[in-house]
Amino acid sequence: MSNHRQEDKWVSDKGLAEQVAKLSTEIQPERDLWPGIERAINHQEQQRSENTNSNVFVPSAWAASIALVILMSWFTFSPSIDEQGIPELVKNKQLSNPSQGALVNFMQQNFQQQKQTLLVSYGQPAMEQLPVAMQIELKKLADARSSIKTALLTDENNADLLNLLDFTQQQELKLLQELYRQYQVI
Amino acid sequence: MDSAKPKHNKVIDGQALFNGSVDKIDSEQTWVAEAKQGCQSAFYQLYQKHHKSIYALCWRMLADKDSAEDVCQEVFVVLWQKINNFRGESKFSTWLHSVATNVVLGHLRKHKNWLQRVFSIEEQGVSIAEPSVSLTDNTTLSLLDQHIARLPERARLVFVLFAVEGYRHEEISKMLKMAVGSSKSQYHRARLLLKESLTDVDLSSVDQEFSYE
């Protein structure tokens with residue numbers, strides 16, 4: 001009898017859950033807590049919204065990061081940009097005005113470097129082994145380059161000539177690459 | 001004890017009830033907006049509305065009346081400072097309870113004595129031998145509340161946060177800096193201890209009943 005009564009009294013999971021569900025959501029404190037709170041907040045300043053701060057901070061941080069990346073890129077890659085960006089600069093006639101002769105010399109030096117690098121990578125081939133027709137084509141391009149350069153020295157403000165110089169230089173480099181692929185002799 | 005259960009009157013006019021609840025929400029939003037502007041009377045209204053539920057949370061987590069009162073005050077001071085962070089994305093009461101939980105946990109961390117830190121005494125169950133609440137001297141609390149208060153600290157915190165406050169184990173594990181599995185095992189432990197202790201009480205009352213026969 002007694003054991004049976006004890007089994008009935010064993011608190012099950014369900015019984016516990018029911019008691020939890022019946023728990024009061026509120027308990028009244030024994031003392032009045034407000035006077036202490038009031039005293040404290042009279043001397044406390046409210047914080048400004050963290051959200052507002054972050055709204056200002058996040059775009060600022062992004063802007064600063066982007067600016068930093070641009071600056072770093074500029075300082076790191078500006079020499080190569082100068083070398084590769086010449087035709088773009090030449091497209092703008094106004095930009096071509098200052099120090100035209102220096103620009104032509106720079107373009108020529110740059111072209112010679114690229115050509116030399118290309119030939120070194122091909123193992124300094126003998127140009128004489130090329131077919132005669134190809135040798136003539138290369139000579140024509142070299143002559144055209146020379147003529148344009150001479151013309152630029154007398155017509156410093158001619159951006160079209162600068163573009164043409166760049167075009168002939170690039171064509172010569174492309175031709176060398178094509179010849180190497182086709183003949184593997186140079 | 002002030003019974004916190006809302007007294008639901010018989011509703012005849014459903015529209016009137018609807019309007020009433022809308023008014024309550026509107027007034028709370030107004031109090032929050034005014035409190036954000038530094039209005040203490042609006043903040044007092046928020047205190048009046050929520051202090052009993054916050055005290056209940058503090059009491060259950062701390063299992064000590066004096067600490068619960070002090071920390072409840074601290075919660076409202078922190079609320080005053082941080083109320084501008086409430087963006088209205090959740091219910092104000094939900095947000096307030098999360099603030100309160102953080103304040104309570106911060107209080108526990110600050111006041112954990114060096115002996116507990118070094119030897120992790122609580123984990124060995126020593127705190128069971130020194131209950132912070134007597135089952136006889138706190139008649140204003142429900143029987144279950146009195147037994148919750150006698151649980152070991154970690155088991156008690158997990159039980160209150162999971163079963164009473166409705167947090168998930170993943171959330172509790174972050175709050176208490178423990179593994180999710182530990183949170184679950186502490187909850188399981190708390191349930192076992194509660195069932196045992198509640199059964200003991202029932203059995204003692206049965207024995208008492210028989211002794212009178």
# chains A, B, ... in the order shown; residues from 1 in each chain; ligands from 1
call {"tool": "interface_residues", "arguments": {"of": "chain B", "to": "chain A", "cutoff": "6 Å", "atoms": "only C-alpha atoms", "output": "PyMOL selection string"}}
result
chain B and resi 2+4+52-53+56+73+81-82+84-85+195+199
call {"tool": "atom_distance", "arguments": {"atom1": "atom CA of Gln116 of chain A", "atom2": "atom CA of Lys149 of chain A"}}
result
19.4 Å
call {"tool": "atom_distance", "arguments": {"atom1": "atom CA of Ala42 of chain B", "atom2": "atom CA of Val103 of chain B"}}
result
22.1 Å
call {"tool": "atom_distance", "arguments": {"atom1": "atom CA of Leu144 of chain B", "atom2": "atom CA of Arg156 of chain B"}}
result
11.9 Å
call {"tool": "residues_around", "arguments": {"residues": "Gln171 of chain A", "least_positions_apart": "4", "cutoff": "8 Å", "atoms": "only C-alpha atoms", "output": "JSON, numbers by chain"}}
result
{"A": [141, 167, 175]}
call {"tool": "write_last_selection", "arguments": {"atoms": "C-alpha atoms", "output": "tab-separated table (two decimals), in the first residue's frame"}}
result
chain	number	residue	atom	x	y	z
A	141	LEU	CA	58.38	48.35	-89.72
A	167	PHE	CA	51.06	50.93	-83.20
A	175	LEU	CA	55.42	39.89	-85.82
call {"tool": "residues_around", "arguments": {"residues": "Cys58 of chain B", "least_positions_apart": "6", "cutoff": "8 Å", "atoms": "only C-alpha atoms", "output": "PyMOL selection string"}}
result
chain B and resi 68-69+71-72+100-101+104
call {"tool": "residues_around", "arguments": {"residues": "Ala190 of chain B", "least_positions_apart": "2", "cutoff": "10 Å", "atoms": "only C-alpha atoms", "output": "list of chain:residue names"}}
result
B:Ile148, B:Leu151, B:Pro152, B:Glu153, B:Arg154, B:Ala155, B:Arg156, B:Leu157, B:Val158, B:Phe159, B:Val160, B:Lys184, B:Ser185, B:Gln186, B:Tyr187, B:His188, B:Leu192, B:Leu193, B:Leu194, B:Lys195, B:Glu196
call {"tool": "write_last_selection", "arguments": {"atoms": "N, CA and C atoms", "output": "CSV table (one decimal), in the first residue's frame"}}
result
chain,number,residue,atom,x,y,z
B,148,ILE,N,14.6,24.9,-7.3
B,148,ILE,CA,15.5,25.5,-8.3
B,148,ILE,C,16.7,26.2,-7.6
B,151,LEU,N,19.6,24.0,-6.5
B,151,LEU,CA,20.4,23.3,-7.5
B,151,LEU,C,21.9,23.9,-7.5
B,152,PRO,N,22.8,23.1,-8.0
B,152,PRO,CA,24.2,23.6,-8.2
B,152,PRO,C,24.1,24.7,-9.2
B,153,GLU,N,25.1,25.6,-9.1
B,153,GLU,CA,25.0,26.9,-9.9
B,153,GLU,C,24.8,26.7,-11.4
B,154,ARG,N,25.7,25.9,-11.9
B,154,ARG,CA,25.6,25.7,-13.4
B,154,ARG,C,24.3,25.0,-13.9
B,155,ALA,N,24.0,24.0,-13.1
B,155,ALA,CA,22.7,23.3,-13.5
B,155,ALA,C,21.5,24.3,-13.3
B,156,ARG,N,21.6,25.1,-12.3
B,156,ARG,CA,20.5,26.1,-12.1
B,156,ARG,C,20.4,27.1,-13.2
B,157,LEU,N,21.6,27.6,-13.6
B,157,LEU,CA,21.6,28.6,-14.6
B,157,LEU,C,21.1,28.1,-15.9
B,158,VAL,N,21.5,26.9,-16.3
B,158,VAL,CA,21.1,26.3,-17.5
B,158,VAL,C,19.6,26.0,-17.5
B,159,PHE,N,19.2,25.5,-16.3
B,159,PHE,CA,17.7,25.1,-16.2
B,159,PHE,C,16.9,26.4,-16.4
B,160,VAL,N,17.3,27.4,-15.7
B,160,VAL,CA,16.5,28.7,-15.7
B,160,VAL,C,16.5,29.3,-17.1
B,184,LYS,N,23.5,20.8,-22.4
B,184,LYS,CA,22.4,19.8,-22.4
B,184,LYS,C,22.5,18.9,-21.2
B,185,SER,N,23.8,18.5,-20.8
B,185,SER,CA,24.0,17.6,-19.7
B,185,SER,C,23.6,18.3,-18.4
B,186,GLN,N,23.9,19.6,-18.3
B,186,GLN,CA,23.6,20.3,-17.1
B,186,GLN,C,22.1,20.4,-16.9
B,187,TYR,N,21.4,20.6,-18.0
B,187,TYR,CA,19.9,20.6,-18.0
B,187,TYR,C,19.4,19.3,-17.6
B,188,HIS,N,19.9,18.2,-18.1
B,188,HIS,CA,19.5,16.9,-17.7
B,188,HIS,C,19.7,16.6,-16.2
B,192,LEU,N,16.9,15.9,-13.2
B,192,LEU,CA,17.0,14.7,-12.3
B,192,LEU,C,17.0,15.2,-10.9
B,193,LEU,N,17.8,16.2,-10.6
B,193,LEU,CA,17.9,16.6,-9.2
B,193,LEU,C,16.5,17.2,-8.7
B,194,LEU,N,15.9,17.9,-9.6
B,194,LEU,CA,14.6,18.5,-9.3
B,194,LEU,C,13.6,17.4,-9.0
B,195,LYS,N,13.6,16.5,-9.9
B,195,LYS,CA,12.6,15.4,-9.8
B,195,LYS,C,12.8,14.6,-8.5
B,196,GLU,N,14.1,14.4,-8.2
B,196,GLU,CA,14.4,13.7,-6.9
B,196,GLU,C,13.9,14.5,-5.7
call {"tool": "residues_around", "arguments": {"residues": "segment 163-165 of chain A", "least_positions_apart": "2", "cutoff": "9 Å", "atoms": "only C-alpha atoms", "output": "list in words"}}
result
Pro87, Val90, Lys91, Val104, Met107, Gln108, Ala144, Arg145, Ser146, Ile148, Lys149, Ala159, Asp160, Leu161, Phe167, Thr168, Gln169 and Gln170 of chain A
